[in-house]
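**Student:** Contents of work_35.cif (mmCIF, C-alpha atoms) are given next:
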```cif
data_input
#
loop_
_atom_site.label_atom_id
_atom_site.label_comp_id
_atom_site.auth_asym_id
_atom_site.auth_seq_id
_atom_site.Cartn_x
_atom_site.Cartn_y
_atom_site.Cartn_z
CA MET A 1 -22.36 -2.19 16.67
CA ASP A 2 -22.75 1.53 17.28
CA PHE A 3 -19.78 3.86 16.96
CA THR A 4 -19.09 7.32 15.59
CA LYS A 5 -17.94 7.48 11.97
CA THR A 6 -15.87 10.62 11.63
CA THR A 7 -15.59 9.81 7.91
CA GLU A 8 -19.33 10.48 7.61
CA GLN A 9 -19.52 13.65 9.70
CA ALA A 10 -20.50 16.91 8.04
CA SER A 11 -17.77 18.96 6.40
CA ASN A 12 -16.31 21.90 8.29
CA TYR A 13 -17.21 23.98 5.22
CA ASN A 14 -20.58 24.79 3.71
CA HIS A 15 -21.98 26.35 0.55
CA LEU A 16 -19.10 24.94 -1.47
CA GLU A 17 -20.90 25.79 -4.69
CA LYS A 18 -20.62 29.49 -3.82
CA MET A 19 -16.83 29.41 -3.45
CA ASN A 20 -14.54 30.51 -6.25
CA VAL A 21 -11.80 28.17 -7.48
CA PHE A 22 -9.07 29.76 -5.38
CA GLU A 23 -11.17 29.40 -2.22
CA LEU A 24 -11.95 25.76 -3.02
CA LEU A 25 -8.30 24.91 -3.62
CA THR A 26 -7.13 26.77 -0.53
CA HIS A 27 -9.61 25.02 1.76
CA ILE A 28 -8.90 21.57 0.28
CA ASN A 29 -5.18 22.18 0.76
CA SER A 30 -5.74 23.30 4.35
CA GLU A 31 -7.56 20.06 5.09
CA ASP A 32 -4.89 17.97 3.33
CA LYS A 33 -2.17 19.49 5.52
CA THR A 34 -3.68 17.80 8.56
CA VAL A 35 -3.31 14.28 7.16
CA PRO A 36 0.43 13.63 7.83
CA PHE A 37 -0.06 14.63 11.47
CA ALA A 38 -2.87 12.10 11.81
CA VAL A 39 -0.65 9.44 10.25
CA GLU A 40 2.22 10.35 12.60
CA LYS A 41 0.11 9.36 15.61
CA GLU A 42 -0.19 5.84 14.20
CA ILE A 43 3.53 5.18 13.62
CA PRO A 44 3.79 2.77 16.59
CA ALA A 45 0.92 0.71 15.17
CA ILE A 46 2.41 0.83 11.67
CA GLU A 47 5.76 -0.29 13.09
CA LYS A 48 4.23 -3.41 14.66
CA LEU A 49 2.47 -4.29 11.42
CA VAL A 50 5.64 -3.83 9.36
CA GLN A 51 7.59 -6.06 11.74
CA SER A 52 4.96 -8.78 11.41
CA ILE A 53 4.97 -8.54 7.61
CA VAL A 54 8.76 -8.90 7.52
CA GLN A 55 8.57 -11.95 9.78
CA GLN A 56 5.93 -13.57 7.60
CA MET A 57 7.81 -12.86 4.37
CA LYS A 58 11.02 -14.30 5.79
CA LYS A 59 9.03 -17.50 6.32
CA GLY A 60 7.94 -17.45 2.67
CA GLY A 61 4.68 -15.64 3.19
CA ARG A 62 2.95 -13.10 0.98
CA LEU A 63 1.28 -9.77 1.69
CA PHE A 64 -2.34 -9.30 0.60
CA TYR A 65 -4.30 -6.04 0.51
CA VAL A 66 -8.09 -6.34 0.36
CA GLY A 67 -10.46 -3.43 -0.10
CA SER A 68 -13.29 -1.94 -2.12
CA GLY A 69 -13.59 1.27 -4.11
CA THR A 70 -10.83 3.80 -3.44
CA SER A 71 -9.32 1.63 -0.70
CA GLY A 72 -9.13 -1.38 -2.99
CA ARG A 73 -7.59 0.65 -5.81
CA LEU A 74 -4.94 2.07 -3.48
CA GLY A 75 -4.02 -1.45 -2.37
CA ILE A 76 -3.71 -2.60 -5.97
CA LEU A 77 -1.59 0.46 -6.79
CA ASP A 78 0.85 -0.23 -3.97
CA ALA A 79 1.06 -3.93 -4.79
CA SER A 80 1.62 -3.28 -8.50
CA GLU A 81 4.52 -0.92 -7.79
CA CYS A 82 6.51 -3.43 -5.74
CA PRO A 83 7.86 -5.63 -8.58
CA PRO A 84 9.23 -2.78 -10.76
CA THR A 85 10.54 -0.79 -7.78
CA PHE A 86 12.05 -3.58 -5.70
CA GLY A 87 12.47 -6.42 -8.20
CA VAL A 88 10.25 -8.81 -6.24
CA PRO A 89 7.99 -11.45 -7.83
CA ASN A 90 4.51 -10.36 -8.91
CA ASN A 91 2.93 -12.73 -6.40
CA LEU A 92 4.71 -11.41 -3.29
CA VAL A 93 2.44 -8.41 -2.71
CA ILE A 94 -1.10 -8.89 -4.03
CA GLY A 95 -3.95 -6.38 -4.20
CA ILE A 96 -7.54 -7.65 -4.29
CA ILE A 97 -10.55 -5.40 -4.88
CA ALA A 98 -14.26 -6.11 -4.39
CA GLY A 99 -15.76 -6.60 -7.83
CA GLY A 100 -12.55 -7.88 -9.41
CA GLU A 101 -10.59 -6.36 -12.29
CA THR A 102 -13.60 -4.38 -13.56
CA ALA A 103 -13.79 -2.48 -10.28
CA ILE A 104 -10.33 -1.02 -10.74
CA ARG A 105 -11.76 1.43 -13.29
CA LYS A 106 -15.52 1.32 -12.76
CA ALA A 107 -17.71 0.97 -9.69
CA VAL A 108 -19.26 -2.48 -9.41
CA GLU A 109 -22.65 -2.16 -7.75
CA PHE A 110 -23.00 -3.81 -4.34
CA ALA A 111 -19.65 -5.65 -4.65
CA GLU A 112 -18.53 -4.24 -1.32
CA ASP A 113 -21.67 -5.60 0.39
CA SER A 114 -20.79 -9.27 -0.11
CA THR A 115 -20.06 -11.14 3.11
CA THR A 116 -18.52 -14.17 1.35
CA GLN A 117 -16.67 -13.03 -1.79
CA CYS A 118 -13.48 -11.74 -0.13
CA TRP A 119 -12.66 -15.12 1.35
CA ILE A 120 -13.43 -16.78 -2.00
CA ASP A 121 -11.06 -14.31 -3.68
CA LEU A 122 -8.32 -15.01 -1.13
CA LYS A 123 -8.72 -18.78 -1.43
CA SER A 124 -8.15 -18.49 -5.18
CA TYR A 125 -4.56 -17.58 -4.26
CA ASN A 126 -4.23 -20.58 -1.94
CA ILE A 127 -3.99 -18.30 1.09
CA ASN A 128 -2.20 -19.96 4.01
CA ARG A 129 -0.83 -19.30 7.50
CA SER A 130 2.48 -17.99 6.19
CA ASP A 131 0.67 -15.05 4.58
CA ILE A 132 -0.61 -11.79 6.07
CA VAL A 133 -3.75 -9.94 4.96
CA ILE A 134 -4.39 -6.22 5.42
CA GLY A 135 -7.96 -4.98 5.12
CA ILE A 136 -8.28 -1.40 3.89
CA ALA A 137 -11.54 0.45 4.53
CA ALA A 138 -11.95 4.10 5.47
CA SER A 139 -15.22 3.39 7.28
CA GLY A 140 -14.02 0.19 8.92
CA THR A 141 -17.43 -1.36 8.20
CA THR A 142 -17.23 -2.55 4.58
CA PRO A 143 -18.76 -6.09 4.64
CA TYR A 144 -16.44 -7.43 1.92
CA VAL A 145 -13.37 -6.43 3.93
CA VAL A 146 -14.64 -7.09 7.47
CA ASN A 147 -15.85 -10.59 6.63
CA GLY A 148 -12.68 -11.38 4.70
CA ILE A 149 -10.57 -10.47 7.72
CA GLN A 150 -12.91 -12.46 9.96
CA GLU A 151 -12.41 -15.58 7.82
CA CYS A 152 -8.65 -15.07 7.90
CA LYS A 153 -8.79 -14.91 11.69
CA LYS A 154 -10.85 -18.11 11.83
CA ASN A 155 -8.26 -19.85 9.67
CA GLY A 156 -5.24 -18.70 11.68
CA ILE A 157 -4.00 -16.17 9.12
CA LEU A 158 -2.33 -13.02 10.47
CA THR A 159 -4.28 -9.83 9.77
CA GLY A 160 -3.95 -6.07 9.82
CA CYS A 161 -6.13 -3.15 8.80
CA ILE A 162 -6.04 0.50 7.79
CA THR A 163 -9.15 2.46 8.69
CA CYS A 164 -10.08 6.06 9.44
CA ASN A 165 -12.48 5.53 12.34
CA VAL A 166 -11.78 4.45 15.91
CA GLY A 167 -13.40 1.30 17.25
CA SER A 168 -14.76 -0.01 13.95
CA PRO A 169 -15.69 -3.68 13.39
CA LEU A 170 -12.67 -4.01 11.10
CA ALA A 171 -10.22 -2.69 13.69
CA ILE A 172 -11.69 -4.94 16.38
CA MET A 173 -11.37 -7.96 14.08
CA ALA A 174 -7.79 -7.38 12.87
CA LYS A 175 -4.69 -8.37 14.85
CA HIS A 176 -2.82 -5.19 13.89
CA HIS A 177 -5.10 -2.18 13.53
CA ILE A 178 -4.10 1.23 12.18
CA GLU A 179 -6.79 3.80 12.92
CA VAL A 180 -5.81 7.09 11.30
CA VAL A 181 -8.50 9.64 12.10
CA VAL A 182 -8.41 12.48 9.59
CA GLY A 183 -11.78 14.00 10.50
CA PRO A 184 -14.65 15.11 8.24
CA GLU A 185 -13.94 15.38 4.53
CA PHE A 186 -14.11 18.68 2.63
CA VAL A 187 -17.00 17.18 0.68
CA THR A 188 -19.01 15.33 3.30
CA GLY A 189 -18.41 11.59 3.13
CA SER A 190 -15.99 11.74 0.18
CA SER A 191 -13.38 9.45 1.72
CA ARG A 192 -11.34 9.39 -1.49
CA MET A 193 -9.96 12.71 -0.23
CA LYS A 194 -8.25 12.92 3.19
CA ALA A 195 -8.95 9.30 4.10
CA GLY A 196 -7.59 8.13 0.74
CA THR A 197 -4.51 10.33 1.14
CA ALA A 198 -3.88 8.88 4.60
CA GLN A 199 -4.22 5.33 3.29
CA LYS A 200 -1.80 6.05 0.45
CA LEU A 201 0.78 7.51 2.83
CA ILE A 202 0.53 4.49 5.11
CA LEU A 203 0.77 2.01 2.25
CA ASN A 204 3.91 3.82 1.04
CA MET A 205 5.35 3.50 4.54
CA ILE A 206 4.48 -0.17 4.86
CA SER A 207 5.75 -1.47 1.53
CA THR A 208 8.88 0.70 1.47
CA SER A 209 9.87 -0.17 5.05
CA VAL A 210 9.22 -3.88 4.47
CA MET A 211 11.34 -3.96 1.32
CA ILE A 212 14.20 -2.08 2.97
CA GLN A 213 14.09 -4.55 5.87
CA LEU A 214 14.24 -7.40 3.34
CA GLY A 215 17.41 -5.93 1.81
CA LYS A 216 15.93 -4.60 -1.42
CA ILE A 217 17.65 -1.20 -1.09
CA LYS A 218 21.39 -0.47 -0.95
CA GLY A 219 22.31 2.87 0.58
CA ASN A 220 19.29 4.75 -0.71
CA LYS A 221 19.16 3.19 -4.18
CA MET A 222 16.67 0.80 -5.80
CA ILE A 223 19.31 -1.64 -6.96
CA ASP A 224 16.77 -4.40 -7.62
CA MET A 225 14.45 -2.29 -9.79
CA GLN A 226 13.31 -3.72 -13.11
CA LEU A 227 14.88 -1.93 -16.07
CA THR A 228 11.63 -1.53 -17.98
CA ASN A 229 12.24 1.80 -19.73
CA ASP A 230 14.99 4.19 -20.82
CA LYS A 231 14.62 6.36 -17.70
CA LEU A 232 15.32 3.39 -15.44
CA VAL A 233 18.23 2.21 -17.58
CA ILE A 234 19.78 5.68 -17.25
CA ARG A 235 19.17 5.61 -13.49
CA GLY A 236 20.75 2.16 -13.25
CA THR A 237 23.76 3.33 -15.23
CA LYS A 238 24.29 6.26 -12.87
CA MET A 239 24.00 3.92 -9.87
CA LEU A 240 26.77 1.74 -11.24
CA MET A 241 28.98 4.71 -12.06
CA GLU A 242 28.65 6.03 -8.49
CA GLU A 243 28.85 2.69 -6.70
CA LEU A 244 31.78 1.24 -8.66
CA ASN A 245 33.51 4.49 -9.68
CA ILE A 246 33.51 3.50 -13.33
CA SER A 247 32.88 5.26 -16.62
CA GLU A 248 29.47 5.57 -18.21
CA GLU A 249 30.60 3.33 -21.03
CA LYS A 250 31.62 0.58 -18.62
CA ALA A 251 28.40 0.96 -16.62
CA VAL A 252 26.30 0.57 -19.77
CA GLU A 253 28.31 -2.51 -20.72
CA LEU A 254 27.78 -4.11 -17.29
CA LEU A 255 24.08 -3.35 -17.28
CA LYS A 256 23.58 -4.86 -20.71
CA LYS A 257 25.49 -7.95 -19.63
CA HIS A 258 23.90 -8.57 -16.22
CA LYS A 259 20.44 -6.99 -16.78
CA ASN A 260 20.24 -5.84 -13.16
CA VAL A 261 22.05 -3.29 -10.99
CA ARG A 262 22.62 -5.62 -8.03
CA SER A 263 23.87 -8.41 -10.27
CA ALA A 264 26.22 -6.02 -12.07
CA ILE A 265 27.67 -4.78 -8.77
CA LEU A 266 28.16 -8.28 -7.37
CA ASN A 267 29.78 -9.61 -10.52
CA TYR A 268 32.05 -6.61 -10.90
CA THR A 269 33.25 -6.71 -7.30
CA ASN A 270 33.83 -10.45 -7.59
CA GLY A 271 36.08 -9.90 -10.59
CA ASN A 272 33.60 -10.84 -13.31
CA ARG A 273 34.00 -7.62 -15.28
#
```
So that I can check it, write out the structure of this file as structure tokens.
**Tutor:**
Amino acid sequence: MDFTKTTEQASNYNHLEKMNVFELLTHINSEDKTVPFAVEKEIPAIEKLVQSIVQQMKKGGRLFYVGSGTSGRLGILDASECPPTFGVPNNLVIGIIAGGETAIRKAVEFAEDSTTQCWIDLKSYNINRSDIVIGIAASGTTPYVVNGIQECKKNGILTGCITCNVGSPLAIMAKHHIEVVVGPEFVTGSSRMKAGTAQKLILNMISTSVMIQLGKIKGNKMIDMQLTNDKLVIRGTKMLMEELNISEEKAVELLKKHKNVRSAILNYTNGNR
């Protein structure tokens, strides 16, 4: 298939090595400013994908992100933040990267070129029709991701994608396609830059919106967050003080007793103080 990859087009800037640090930073920042506007154009597509994810999760499904390189790492990052932020099980949002755990920190040669491994990786999680799989690939051509989404489609599994080119094989294959075109990178082809930023913004939007729709936020507070460090315990204490109009001492007592902000609120309001 022949289509134009804007992610591979030449940078709008040249002779980067001759620029001083201030010039480099200024030009990078100027390019970065364009990313949210590109994302804004895709909000209707993101909305449809979020609605589908919520529907699948209400049926007991899970959300999978699959990607390679920067895209895979961003998926893993978003997935790994969901349990501590929203108090959901570790297996509700799952990030899978070409090359496995090693590839999170180091590039694994040719891992992204496999046309079979993604489906093998997904099957190891007993993927089923209640789940939804989002392929993340700036180019929209990564074999690992494209073929994984293709196998999902063959097996009746709902799919989505996040890519930075229009009309890519990945977008054509996925049921819900988000095509956020950020244009040429400051360093030609370095899609960890604007493309990566766009993917991160969209992943934030997806997971946060899904969790709010599933009732994991009260008001604007993360009442289901895991209390895994002193900062979060202090935050949880303040939440209880504000929500229940109680003293700090009482809030600390409730949090120690119930181990969770939501549980503390429910028990307190039900008279279990």
**Student:** Expressed in Å to a single decimal, how great is the separation between CA of Glu17 in chain A and CA of Arg105 in chain A?
**Tutor:**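 For CA of Glu17 in chain A relative to CA of Arg105 in chain A, the distance reads 27.4 Å.
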**Student:** Expand the PyMOL selection byres ((chain A and resi 240-254) around 12) into the explicit residue set it covers here, and present it as a short mmCIF file (atom, residue, chain, number, x, y, z; two decimals) with C-alpha atoms, in the coordinates of the input.
**Tutor:**
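Okay, this is what ended up in expr24.cif:
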```cif
data_model
loop_
_atom_site.label_atom_id
_atom_site.label_comp_id
_atom_site.auth_asym_id
_atom_site.auth_seq_id
_atom_site.Cartn_x
_atom_site.Cartn_y
_atom_site.Cartn_z
CA LYS A 218 21.39 -0.47 -0.95
CA GLY A 219 22.31 2.87 0.58
CA ASN A 220 19.29 4.75 -0.71
CA LYS A 221 19.16 3.19 -4.18
CA MET A 222 16.67 0.80 -5.80
CA ILE A 223 19.31 -1.64 -6.96
CA ASP A 230 14.99 4.19 -20.82
CA VAL A 233 18.23 2.21 -17.58
CA ILE A 234 19.78 5.68 -17.25
CA ARG A 235 19.17 5.61 -13.49
CA GLY A 236 20.75 2.16 -13.25
CA THR A 237 23.76 3.33 -15.23
CA LYS A 238 24.29 6.26 -12.87
CA MET A 239 24.00 3.92 -9.87
CA LEU A 255 24.08 -3.35 -17.28
CA LYS A 256 23.58 -4.86 -20.71
CA LYS A 257 25.49 -7.95 -19.63
CA HIS A 258 23.90 -8.57 -16.22
CA LYS A 259 20.44 -6.99 -16.78
CA ASN A 260 20.24 -5.84 -13.16
CA VAL A 261 22.05 -3.29 -10.99
CA ARG A 262 22.62 -5.62 -8.03
CA SER A 263 23.87 -8.41 -10.27
CA ALA A 264 26.22 -6.02 -12.07
CA ILE A 265 27.67 -4.78 -8.77
CA LEU A 266 28.16 -8.28 -7.37
CA ASN A 267 29.78 -9.61 -10.52
CA TYR A 268 32.05 -6.61 -10.90
CA THR A 269 33.25 -6.71 -7.30
CA ASN A 270 33.83 -10.45 -7.59
CA ASN A 272 33.60 -10.84 -13.31
CA ARG A 273 34.00 -7.62 -15.28
#
```
**Student:** The PyMOL selection byres ((chain A and resi 62) around 9) on the file shown: which residues, as a PyMOL selection string?
**Tutor:** chain A and resi 53+56-57+60-61+63-64+91-94+127+130-133
**Student:** Identify all residues satisfying the PyMOL selection byres ((chain A and resi 4-14) around 7) in the given file; provide them as a PyMOL selection string.
**Tutor:** chain A and resi 3+15-16+139+164-165+183-189+191
**Student:** Restricting the calculation to only C-alpha atoms: of A:Ala107, A:Ala171, A:Val21, A:Ile134, which residue gets closest to Ser68 in chain A?
**Tutor:** A:Ala107
**Student:** Could you please determine the separation between CA of Lys41 in chain A and CA of Ser168 in chain A in Å, to one decimal place?
**Tutor:**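 So the answer is 17.7 Å.
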**Student:** May I ask which of the residues A:Cys161, A:Pro83, A:Ser190, A:Val66 is the closest one to Gly148 in chain A, counting all atoms listed in the file?
**Tutor:**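 Checking each candidate against Gly148 in chain A, we get A:Val66 as the closest.
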**Student:** May I ask for the distance between CA of Gly160 in chain A and CA of Ile178 in chain A, given in Å to one decimal place?
**Tutor:** 7.7 Å
**Student:** Please check which residues have atoms at most 10 Å from (15.5, -4.9, 0.6) in the file's coordinates, counting all atoms listed in the file, and write them as a count of residues only.
**Tutor:** 17
**Student:** Go through A:Thr228, A:Thr85, A:Ser52, A:Thr70 and flag the residue nearest Ala198 in chain A, using all atoms listed in the file for the distances.
**Tutor:** A:Thr70
**Student:** I need the residue nearest Pro143 in chain A from this list: A:Asn155, A:Thr163, A:Ser124, A:Gln117. Use all atoms listed in the file for the distance.
**Tutor:** A:Gln117
**Student:** Nearest to Gln226 in chain A among A:Ala103, A:Val146, A:Cys82, A:Met205, with distances taken over only C-alpha atoms: which residue is it?
**Tutor:**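 With only C-alpha atoms as the atom set, the closest residue is A:Cys82.
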**Student:** Can you work out which one of A:Lys194, A:Tyr125, A:Ile120, A:Val50 has the shortest atom-to-atom distance to Ser30 in chain A, counting all atoms listed in the file?
**Tutor:**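 Among the listed residues, the smallest separation from Ser30 in chain A belongs to A:Lys194.
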**Student:** Taking 4 positions as the minimum chain separation for residues in the same chain, which residues sit within 9 Å of Ile202 in chain A when counting only C-alpha atoms? Answer as number ranges by chain.
**Tutor:** A: 39, 46, 162, 197-198, 206-207
